[in-house]
file coords29.cif (mmCIF, C-alpha atoms and all ligand atoms)
data_input
#
loop_
_atom_site.group_PDB
_atom_site.id
_atom_site.type_symbol
_atom_site.label_atom_id
_atom_site.label_comp_id
_atom_site.auth_asym_id
_atom_site.auth_seq_id
_atom_site.Cartn_x
_atom_site.Cartn_y
_atom_site.Cartn_z
ATOM 1 C CA MET A 1 0.000 0.000 0.000
ATOM 2 C CA LYS A 2 1.388 3.435 -0.952
ATOM 3 C CA SER A 3 1.939 5.848 1.892
ATOM 4 C CA PRO A 4 0.398 9.335 1.565
ATOM 5 C CA PHE A 5 3.917 10.724 1.768
ATOM 6 C CA LEU A 6 4.976 8.941 -1.404
ATOM 7 C CA ILE A 7 1.947 10.167 -3.273
ATOM 8 C CA VAL A 8 2.630 13.774 -2.260
ATOM 9 C CA ALA A 9 6.319 13.401 -3.159
ATOM 10 C CA PHE A 10 5.425 12.030 -6.564
ATOM 11 C CA ALA A 11 2.996 14.879 -7.185
ATOM 12 C CA LEU A 12 5.638 17.442 -6.287
ATOM 13 C CA LEU A 13 8.285 15.790 -8.437
ATOM 14 C CA SER A 14 6.041 15.700 -11.452
ATOM 15 C CA LEU A 15 5.099 19.373 -11.244
ATOM 16 C CA PRO A 16 8.151 20.746 -13.090
ATOM 17 C CA ALA A 17 7.706 18.118 -15.789
ATOM 18 C CA LEU A 18 4.128 19.217 -16.306
ATOM 19 C CA ALA A 19 5.133 22.860 -16.409
ATOM 20 C CA GLN A 20 7.751 22.146 -19.083
ATOM 21 C CA LYS A 21 5.406 20.197 -21.286
ATOM 22 C CA LYS A 22 5.404 21.894 -24.678
ATOM 23 C CA PRO A 23 2.101 22.998 -26.129
ATOM 24 C CA ALA A 24 0.867 20.587 -28.754
ATOM 25 C CA THR A 25 2.456 21.424 -32.107
ATOM 26 C CA PRO A 26 -0.182 22.221 -34.700
ATOM 27 C CA THR A 27 -0.660 19.427 -37.198
ATOM 28 C CA SER A 28 -1.212 20.125 -40.892
ATOM 29 C CA LYS A 29 -4.395 21.878 -41.901
ATOM 30 C CA PRO A 30 -7.402 19.678 -42.412
ATOM 31 C CA GLY A 31 -7.778 18.677 -46.019
ATOM 32 C CA THR A 32 -4.077 18.893 -46.844
ATOM 33 C CA ALA A 33 -2.474 15.485 -46.694
ATOM 34 C CA ALA A 34 0.835 15.632 -44.858
ATOM 35 C CA VAL A 35 3.791 15.357 -47.215
ATOM 36 C CA SER A 36 6.579 13.136 -45.929
ATOM 37 C CA GLY A 37 10.054 14.507 -45.368
ATOM 38 C CA VAL A 38 11.497 11.567 -47.279
ATOM 39 C CA VAL A 39 9.561 12.522 -50.406
ATOM 40 C CA LEU A 40 10.571 16.171 -50.066
ATOM 41 C CA ALA A 41 14.250 15.246 -49.683
ATOM 42 C CA SER A 42 14.101 12.998 -52.728
ATOM 43 C CA GLY A 43 12.241 15.671 -54.712
ATOM 44 C CA LYS A 44 14.777 18.305 -53.762
ATOM 45 C CA LYS A 45 17.570 16.072 -55.061
ATOM 46 C CA VAL A 46 15.822 15.600 -58.409
ATOM 47 C CA TYR A 47 15.177 19.355 -58.536
ATOM 48 C CA THR A 48 18.804 20.236 -57.816
ATOM 49 C CA GLN A 49 20.043 17.903 -60.533
ATOM 50 C CA ASN A 50 17.459 18.629 -63.239
ATOM 51 C CA CYS A 51 15.605 21.888 -62.734
ATOM 52 C CA LEU A 52 17.716 24.288 -60.696
ATOM 53 C CA THR A 53 19.839 25.594 -63.579
ATOM 54 C CA CYS A 54 16.763 27.082 -65.246
ATOM 55 C CA HIS A 55 14.214 27.612 -62.496
ATOM 56 C CA MET A 56 16.798 28.622 -59.852
ATOM 57 C CA ALA A 57 17.246 27.416 -56.260
ATOM 58 C CA ASP A 58 14.407 29.584 -54.979
ATOM 59 C CA GLY A 59 12.049 28.676 -57.841
ATOM 60 C CA GLY A 60 12.143 32.287 -58.987
ATOM 61 C CA GLY A 61 13.103 31.513 -62.593
ATOM 62 C CA VAL A 62 14.943 33.972 -64.830
ATOM 63 C CA GLN A 63 13.050 36.958 -66.169
ATOM 64 C CA ASN A 64 11.938 36.536 -69.809
ATOM 65 C CA MET A 65 13.917 33.269 -70.034
ATOM 66 C CA ASN A 66 12.546 30.684 -67.589
ATOM 67 C CA PRO A 67 9.283 31.019 -65.679
ATOM 68 C CA PRO A 68 9.059 30.993 -61.897
ATOM 69 C CA LEU A 69 7.564 27.976 -60.119
ATOM 70 C CA THR A 70 6.039 30.134 -57.409
ATOM 71 C CA LYS A 71 2.271 29.909 -57.275
ATOM 72 C CA THR A 72 1.867 29.612 -61.046
ATOM 73 C CA SER A 73 -1.378 28.182 -62.358
ATOM 74 C CA TYR A 74 0.610 25.208 -63.690
ATOM 75 C CA VAL A 75 2.315 24.376 -60.408
ATOM 76 C CA LEU A 76 -0.802 24.698 -58.271
ATOM 77 C CA GLY A 77 -3.324 23.641 -60.904
ATOM 78 C CA ASP A 78 -4.383 20.373 -62.492
ATOM 79 C CA LYS A 79 -1.879 17.651 -61.673
ATOM 80 C CA THR A 80 -2.139 15.877 -65.024
ATOM 81 C CA ARG A 81 -1.361 19.101 -66.869
ATOM 82 C CA LEU A 82 1.625 19.640 -64.565
ATOM 83 C CA ILE A 83 2.881 16.068 -65.021
ATOM 84 C CA ASN A 84 2.609 16.501 -68.791
ATOM 85 C CA VAL A 85 4.879 19.560 -68.676
ATOM 86 C CA LEU A 86 7.604 17.268 -67.374
ATOM 87 C CA LEU A 87 6.829 14.335 -69.667
ATOM 88 C CA ASN A 88 6.528 16.415 -72.860
ATOM 89 C CA GLY A 89 8.534 19.558 -72.173
ATOM 90 C CA MET A 90 7.060 22.945 -73.027
ATOM 91 C CA GLU A 91 7.655 25.668 -75.591
ATOM 92 C CA ASP A 92 6.072 28.940 -76.754
ATOM 93 C CA GLN A 93 3.327 28.919 -74.133
ATOM 94 C CA ASP A 94 2.261 31.947 -72.166
ATOM 95 C CA ILE A 95 2.354 31.287 -68.443
ATOM 96 C CA ASP A 96 -0.014 33.456 -66.430
ATOM 97 C CA GLY A 97 0.236 36.145 -69.113
ATOM 98 C CA GLU A 98 4.034 36.115 -69.477
ATOM 99 C CA SER A 99 6.116 34.658 -72.306
ATOM 100 C CA TYR A 100 9.550 33.102 -71.984
ATOM 101 C CA GLN A 101 12.257 32.720 -74.605
ATOM 102 C CA ASN A 102 13.712 29.451 -73.409
ATOM 103 C CA ALA A 103 12.158 26.044 -74.034
ATOM 104 C CA MET A 104 11.713 23.445 -71.365
ATOM 105 C CA PRO A 105 13.131 20.061 -72.384
ATOM 106 C CA ALA A 106 11.085 16.898 -71.816
ATOM 107 C CA HIS A 107 12.068 15.054 -68.663
ATOM 108 C CA ASP A 108 10.489 11.704 -69.503
ATOM 109 C CA PHE A 109 13.805 10.000 -68.669
ATOM 110 C CA LEU A 110 12.959 10.493 -64.993
ATOM 111 C CA THR A 111 11.112 7.611 -63.294
ATOM 112 C CA ASP A 112 7.460 7.933 -62.239
ATOM 113 C CA GLN A 113 8.653 8.189 -58.645
ATOM 114 C CA GLN A 114 11.212 10.898 -59.434
ATOM 115 C CA ILE A 115 8.635 12.981 -61.306
ATOM 116 C CA ALA A 116 6.120 12.530 -58.484
ATOM 117 C CA ASP A 117 8.712 13.489 -55.867
ATOM 118 C CA VAL A 118 10.042 16.546 -57.692
ATOM 119 C CA LEU A 119 6.530 17.850 -58.377
ATOM 120 C CA THR A 120 5.502 17.232 -54.767
ATOM 121 C CA TYR A 121 8.631 19.123 -53.732
ATOM 122 C CA VAL A 122 7.847 22.039 -56.069
ATOM 123 C CA ARG A 123 4.198 22.115 -54.943
ATOM 124 C CA ASN A 124 5.379 22.390 -51.325
ATOM 125 C CA SER A 125 8.342 24.759 -51.680
ATOM 126 C CA PHE A 126 8.927 28.376 -52.730
ATOM 127 C CA GLY A 127 5.785 29.450 -50.877
ATOM 128 C CA ASN A 128 3.602 26.843 -52.625
ATOM 129 C CA LYS A 129 1.241 24.592 -50.687
ATOM 130 C CA ALA A 130 -0.586 21.896 -52.619
ATOM 131 C CA SER A 131 -1.290 18.194 -52.420
ATOM 132 C CA ALA A 132 1.338 15.581 -53.237
ATOM 133 C CA VAL A 133 1.701 14.029 -56.682
ATOM 134 C CA GLN A 134 1.675 10.213 -56.626
ATOM 135 C CA ALA A 135 3.828 7.953 -58.800
ATOM 136 C CA ALA A 136 0.610 6.224 -59.919
ATOM 137 C CA GLU A 137 -0.655 9.532 -61.344
ATOM 138 C CA VAL A 138 2.559 9.924 -63.346
ATOM 139 C CA LYS A 139 2.227 6.340 -64.563
ATOM 140 C CA THR A 140 -1.304 7.019 -65.786
ATOM 141 C CA ALA A 141 -0.241 10.210 -67.598
ATOM 142 C CA ARG A 142 2.689 8.408 -69.204
ATOM 143 C CA ALA A 143 0.467 5.568 -70.385
ATOM 144 C CA ALA A 144 -2.059 8.013 -71.855
ATOM 145 C CA LYS A 145 0.732 9.772 -73.723
ATOM 146 C CA LYS A 146 1.972 6.561 -75.370
ATOM 147 C CA LYS A 147 -1.405 5.776 -76.957
HETATM 148 C C1 LIG B 1 16.559 24.276 -69.914
HETATM 149 C C2 LIG B 1 15.825 24.981 -68.900
HETATM 150 C C3 LIG B 1 14.789 24.234 -68.104
HETATM 151 C C4 LIG B 1 14.933 23.097 -67.328
HETATM 152 C C5 LIG B 1 16.179 22.261 -67.133
HETATM 153 C C6 LIG B 1 13.645 22.862 -66.715
HETATM 154 N N1 LIG B 1 12.746 23.800 -67.111
HETATM 155 FE FE1 LIG B 1 10.804 23.944 -66.557
HETATM 156 N N2 LIG B 1 10.490 25.401 -67.917
HETATM 157 C C7 LIG B 1 11.480 26.020 -68.647
HETATM 158 C C8 LIG B 1 10.865 26.977 -69.552
HETATM 159 C C9 LIG B 1 11.606 27.887 -70.502
HETATM 160 C C10 LIG B 1 9.484 26.894 -69.346
HETATM 161 C C11 LIG B 1 8.386 27.686 -70.068
HETATM 162 C C12 LIG B 1 8.234 27.205 -71.491
HETATM 163 C C13 LIG B 1 7.265 28.054 -72.281
HETATM 164 O O1 LIG B 1 7.305 29.279 -72.144
HETATM 165 O O2 LIG B 1 6.453 27.482 -73.027
HETATM 166 C C14 LIG B 1 9.281 25.910 -68.290
HETATM 167 C C15 LIG B 1 8.048 25.581 -67.737
HETATM 168 C C16 LIG B 1 7.883 24.837 -66.602
HETATM 169 C C17 LIG B 1 6.638 24.668 -65.881
HETATM 170 C C18 LIG B 1 5.268 25.258 -66.240
HETATM 171 C C19 LIG B 1 5.206 26.742 -66.116
HETATM 172 C C20 LIG B 1 5.342 27.276 -64.722
HETATM 173 O O3 LIG B 1 6.159 28.196 -64.549
HETATM 174 O O4 LIG B 1 4.660 26.825 -63.799
HETATM 175 C C21 LIG B 1 6.906 23.864 -64.821
HETATM 176 C C22 LIG B 1 5.931 23.408 -63.758
HETATM 177 C C23 LIG B 1 8.301 23.493 -64.889
HETATM 178 N N3 LIG B 1 8.859 24.106 -65.989
HETATM 179 C C24 LIG B 1 8.940 22.676 -63.987
HETATM 180 C C25 LIG B 1 10.225 22.156 -64.191
HETATM 181 C C26 LIG B 1 10.808 21.096 -63.394
HETATM 182 C C27 LIG B 1 10.144 20.461 -62.198
HETATM 183 C C28 LIG B 1 12.044 20.838 -63.933
HETATM 184 C C29 LIG B 1 13.030 19.767 -63.520
HETATM 185 C C30 LIG B 1 12.533 18.391 -63.531
HETATM 186 C C31 LIG B 1 12.241 21.755 -65.044
HETATM 187 N N4 LIG B 1 11.110 22.522 -65.171
HETATM 188 C C32 LIG B 1 13.386 21.829 -65.811
HETATM 189 C C33 LIG B 1 12.831 25.765 -68.576
HETATM 190 C C34 LIG B 1 13.403 24.658 -67.959
#

call {"tool": "encode", "arguments": {"input": "coords29.cif", "output": "C-alpha cells"}}
result
Amino acid sequence: MKSPFLIVAFALLSLPALAQKKPATPTSKPGTAAVSGVVLASGKKVYTQNCLTCHMADGGGVQNMNPPLTKTSYVLGDKTRLINVLLNGMEDQDIDGESYQNAMPAHDFLTDQQIADVLTYVRNSFGNKASAVQAAEVKTARAAKKK
C-alpha cells in the first residue's frame, strides 16, 4: 500500500515536468495530406540535378527566359497538366500572361517516382502549398501519352 507521503512526493516531483510540457504542435491543416520529409528530400535532389539551372534554387526563374515555379497556375493547378509539362517539355506557351524565350526540355527520362517526388517538392516549396503528386498519377499520364 502506498503511503500518503509517497503520493505527495510524486505529485511534487512531477510538477516541473508538467510545467515544461510543450504545447501541442499544430498538425497540418485539415484537407491537406501531410507530405513526408522523405519525399521532399528525394524531390529536392531531383530538382537540384534537373531543374535548378533554369528555375533557380528559390524557384524564382529567370526573367523573360525561364518562368518561376512560385504559385503559377501550372504548379498549383491540375496535376495531369503539370505532369505533362515534365513528360513532354514545353515551348512557346504563355504562363499566367508572361512569355519566356527558353524552351523546357522533356524530362520523360525520370522515373514515375522521381517525377512525383520533384513535383511534390515544387508544390510544397517556394511558398507553394498543394497536395502531393503520386507515382501512380505519373504512370497514368505516361500511359495516356503513349497511346
Ligand atoms: C533548360 C531549362 C529548363 C529546365 C532544365 C527545366 N525547365 Fe521547366 N520550364 C522552362 C521553360 C523555358 C518553361 C516555359 C516554357 C514556355 O514558355 O512554353 C518551363 C516551364 C515549366 C513549368 C510550367 C510553367 C510554370 O512556370 O509553372 C513547370 C511546372 C516546370 N517548368 C517545372 C520544371 C521542373 C520540375 C524541372 C526539372 C525536372 C524543369 N522545369 C526543368 C525551362 C526549364

call {"tool": "closest_atom_pairs", "arguments": {"input": "coords29.cif", "of": "region 47-74 of chain A", "to": "region 128-147 of chain A", "cutoff": "9 Å", "atoms": "all atoms listed in the file", "output": "Markdown table"}}
result
| residue | atom | partner | partner_atom | distance |
| --- | --- | --- | --- | --- |
| A:Leu69 | CA | A:Asn128 | CA | 8.6 |
| A:Thr70 | CA | A:Asn128 | CA | 6.3 |
| A:Lys71 | CA | A:Asn128 | CA | 5.7 |

call {"tool": "resolve_selection", "arguments": {"input": "coords29.cif", "expression": "the PyMOL selection byres (((not hetatm)) within 8 of (chain B and resi 1))", "output": "MDAnalysis selection string"}}
result
chainID A and resid 46:47 49:55 61 65:75 82 85:86 89:95 99:105 107 115 118:119 122

call {"tool": "atom_distance", "arguments": {"input": "coords29.cif", "atom1": "CA of Leu110 (chain A)", "atom2": "CA of Gly60 (chain A)"}}
result
22.6 Å

call {"tool": "atom_distance", "arguments": {"input": "coords29.cif", "atom1": "CA of Ala106 (chain A)", "atom2": "CA of Val38 (chain A)"}}
result
25.1 Å

call {"tool": "atom_distance", "arguments": {"input": "coords29.cif", "atom1": "CA of Ala41 (chain A)", "atom2": "CA of Asn88 (chain A)"}}
result
24.5 Å

call {"tool": "closest_residue", "arguments": {"input": "coords29.cif", "among": "A:Tyr121, A:Gly127, A:Leu87, A:Asp78", "to": "Lys44 (chain A)", "atoms": "all atoms listed in the file"}}
result
A:Tyr121

call {"tool": "closest_residue", "arguments": {"input": "coords29.cif", "among": "A:Gln63, A:Ser125, A:Gln114, A:Thr120", "to": "Glu98 (chain A)", "atoms": "only C-alpha atoms"}}
result
A:Gln63
